[in-house]
Amino acid sequence: MIPELNEMATPDNIEDWIRAENEADDSVADQVTVAKWFWKRDITTLQDRVARTSQVSDGTEHRLDHKVRTCLDNLEEIGVLIQFDPPGSGQYIRHHRTGENFYDPSSRDFVPLLEEDLSRFLDDLASRTEPPLQRADGGDSEAEVSLETLRCIAGEALDIDEGDVESALISPDDPIERMTRYDSVVKAIKDSDVVSRNRDYDEMGWRNSALRWALSERAAHLQANQSLPT
């Protein structure tokens, strides 16, 4: 049910509505920015158009002082936005290197793609040589490098000894477990400032389907200076 508007005054547009309802929120100005983003792009229930959370973030985040999701939730709470849950279970497997999504892990292509990327990572790991230790006298040298190696990053991601990385990644019989371990390793590598990938492999793991949002019919009518629907 859409909440009633502030009884003190009838708003003339969605900005007045938002400020009347959420004036105590620190994010109220950002909420206005987000709501206007929807309106300017005609992303409304009247047009049967929706935007994913990531799309809203890409379009507004650089202009906001608060998190996009905070603004979206606050706007949904007062009825300015309508939230649409993703179809199905809300989760899918994303193979980033090819851009392929798997909504059913039993798909015949799932395991071969996992094994291919896992093999590429293991090849990358095997090709590395340990960096030389820092000189004992503390002198500078171009040979001095961080001791945090690809193997070290992988071991930390899996919370195991560095020498057990390979076995930890290939030993589970369940491909979902192998995928989960592999995904955590690749994420850690990508987040690292001291190591990088020397082969073409990328993340593969469970992802949440994005929520979808649209400006409500009431908000669209109000912004267009039409009579509010009853």
# chains A, B, ... in the order shown; residues from 1 in each chain; ligands from 1

$ select_by_dssp --residues "range 149-184 of chain A" --states "helix (DSSP H, G or I)" --output "VMD selection string"
chain A and resid 150 to 158 162 to 170 175 to 184

$ write_last_selection --atoms "C-alpha atoms" --output "JSON list (two decimals), in the first residue's frame"
[["chain", "number", "residue", "atom", "x", "y", "z"],
["A", 150, "LEU", "CA", 49.95, -14.89, -6.16],
["A", 151, "ARG", "CA", 50.17, -18.07, -4.09],
["A", 152, "CYS", "CA", 50.08, -16.05, -0.88],
["A", 153, "ILE", "CA", 46.96, -14.15, -1.97],
["A", 154, "ALA", "CA", 45.25, -17.41, -2.95],
["A", 155, "GLY", "CA", 46.15, -19.08, 0.34],
["A", 156, "GLU", "CA", 44.80, -16.15, 2.33],
["A", 157, "ALA", "CA", 41.55, -16.14, 0.33],
["A", 158, "LEU", "CA", 41.03, -19.84, 1.08],
["A", 162, "GLU", "CA", 50.05, -21.65, 0.56],
["A", 163, "GLY", "CA", 51.27, -25.09, -0.45],
["A", 164, "ASP", "CA", 47.73, -26.48, -0.36],
["A", 165, "VAL", "CA", 46.22, -24.08, -2.89],
["A", 166, "GLU", "CA", 46.13, -26.46, -5.84],
["A", 167, "SER", "CA", 44.62, -29.36, -3.91],
["A", 168, "ALA", "CA", 42.04, -27.10, -2.27],
["A", 169, "LEU", "CA", 40.84, -25.92, -5.67],
["A", 170, "ILE", "CA", 40.66, -29.25, -7.48],
["A", 175, "PRO", "CA", 31.62, -28.39, -8.98],
["A", 176, "ILE", "CA", 29.71, -25.69, -7.06],
["A", 177, "GLU", "CA", 32.21, -25.97, -4.20],
["A", 178, "ARG", "CA", 35.12, -25.81, -6.65],
["A", 179, "MET", "CA", 33.55, -22.75, -8.23],
["A", 180, "THR", "CA", 33.02, -21.03, -4.88],
["A", 181, "ARG", "CA", 36.66, -21.55, -3.89],
["A", 182, "TYR", "CA", 37.95, -20.45, -7.28],
["A", 183, "ASP", "CA", 35.75, -17.35, -7.26],
["A", 184, "SER", "CA", 37.04, -16.23, -3.85]]

$ closest_residue --among "A:Ile93, A:Val195, A:Leu113, A:Cys71" --to "Asn22 in chain A" --atoms "only C-alpha atoms"
A:Cys71

$ select_by_dssp --residues "range 29-230 of chain A" --states "strand (DSSP E or B)" --output "NGL selection string"
:A and (44 or 51-52 or 81-84 or 91-95 or 100-102 or 204-208 or 212-215)

$ residues_around --residues "Lys67 in chain A" --least-positions-apart "6" --cutoff "9 Å" --atoms "only C-alpha atoms" --output "list of chain:residue names"
A:Ser27, A:Asp30, A:Ser57, A:Glu61

$ closest_residue --among "A:Thr149, A:Asn198, A:Asn101, A:Gln83" --to "Ser127 in chain A" --atoms "only C-alpha atoms"
A:Asn198

$ atom_distance --atom1 "CA of Thr44 in chain A" --atom2 "CA of Ala214 in chain A"
4.8 Å

$ closest_atom_pairs --of "range 14-42 of chain A" --to "range 74-77 of chain A" --cutoff "9 Å" --atoms "only C-alpha atoms" --output "tab-separated table"
residue	atom	partner	partner_atom	distance
A:Ile18	CA	A:Leu75	CA	7.5
A:Asn22	CA	A:Asn74	CA	8.0
A:Asp25	CA	A:Asn74	CA	8.9
A:Ser27	CA	A:Asn74	CA	8.8
A:Val28	CA	A:Asn74	CA	8.8
A:Gln31	CA	A:Leu75	CA	6.7
A:Val32	CA	A:Leu75	CA	8.9
A:Val34	CA	A:Leu75	CA	8.8
A:Ala35	CA	A:Leu75	CA	7.7

$ residues_around --residues "Tyr92 in chain A" --least-positions-apart "5" --cutoff "7 Å" --atoms "only C-alpha atoms" --output "MDAnalysis selection string"
chainID A and resid 101:103 206:209
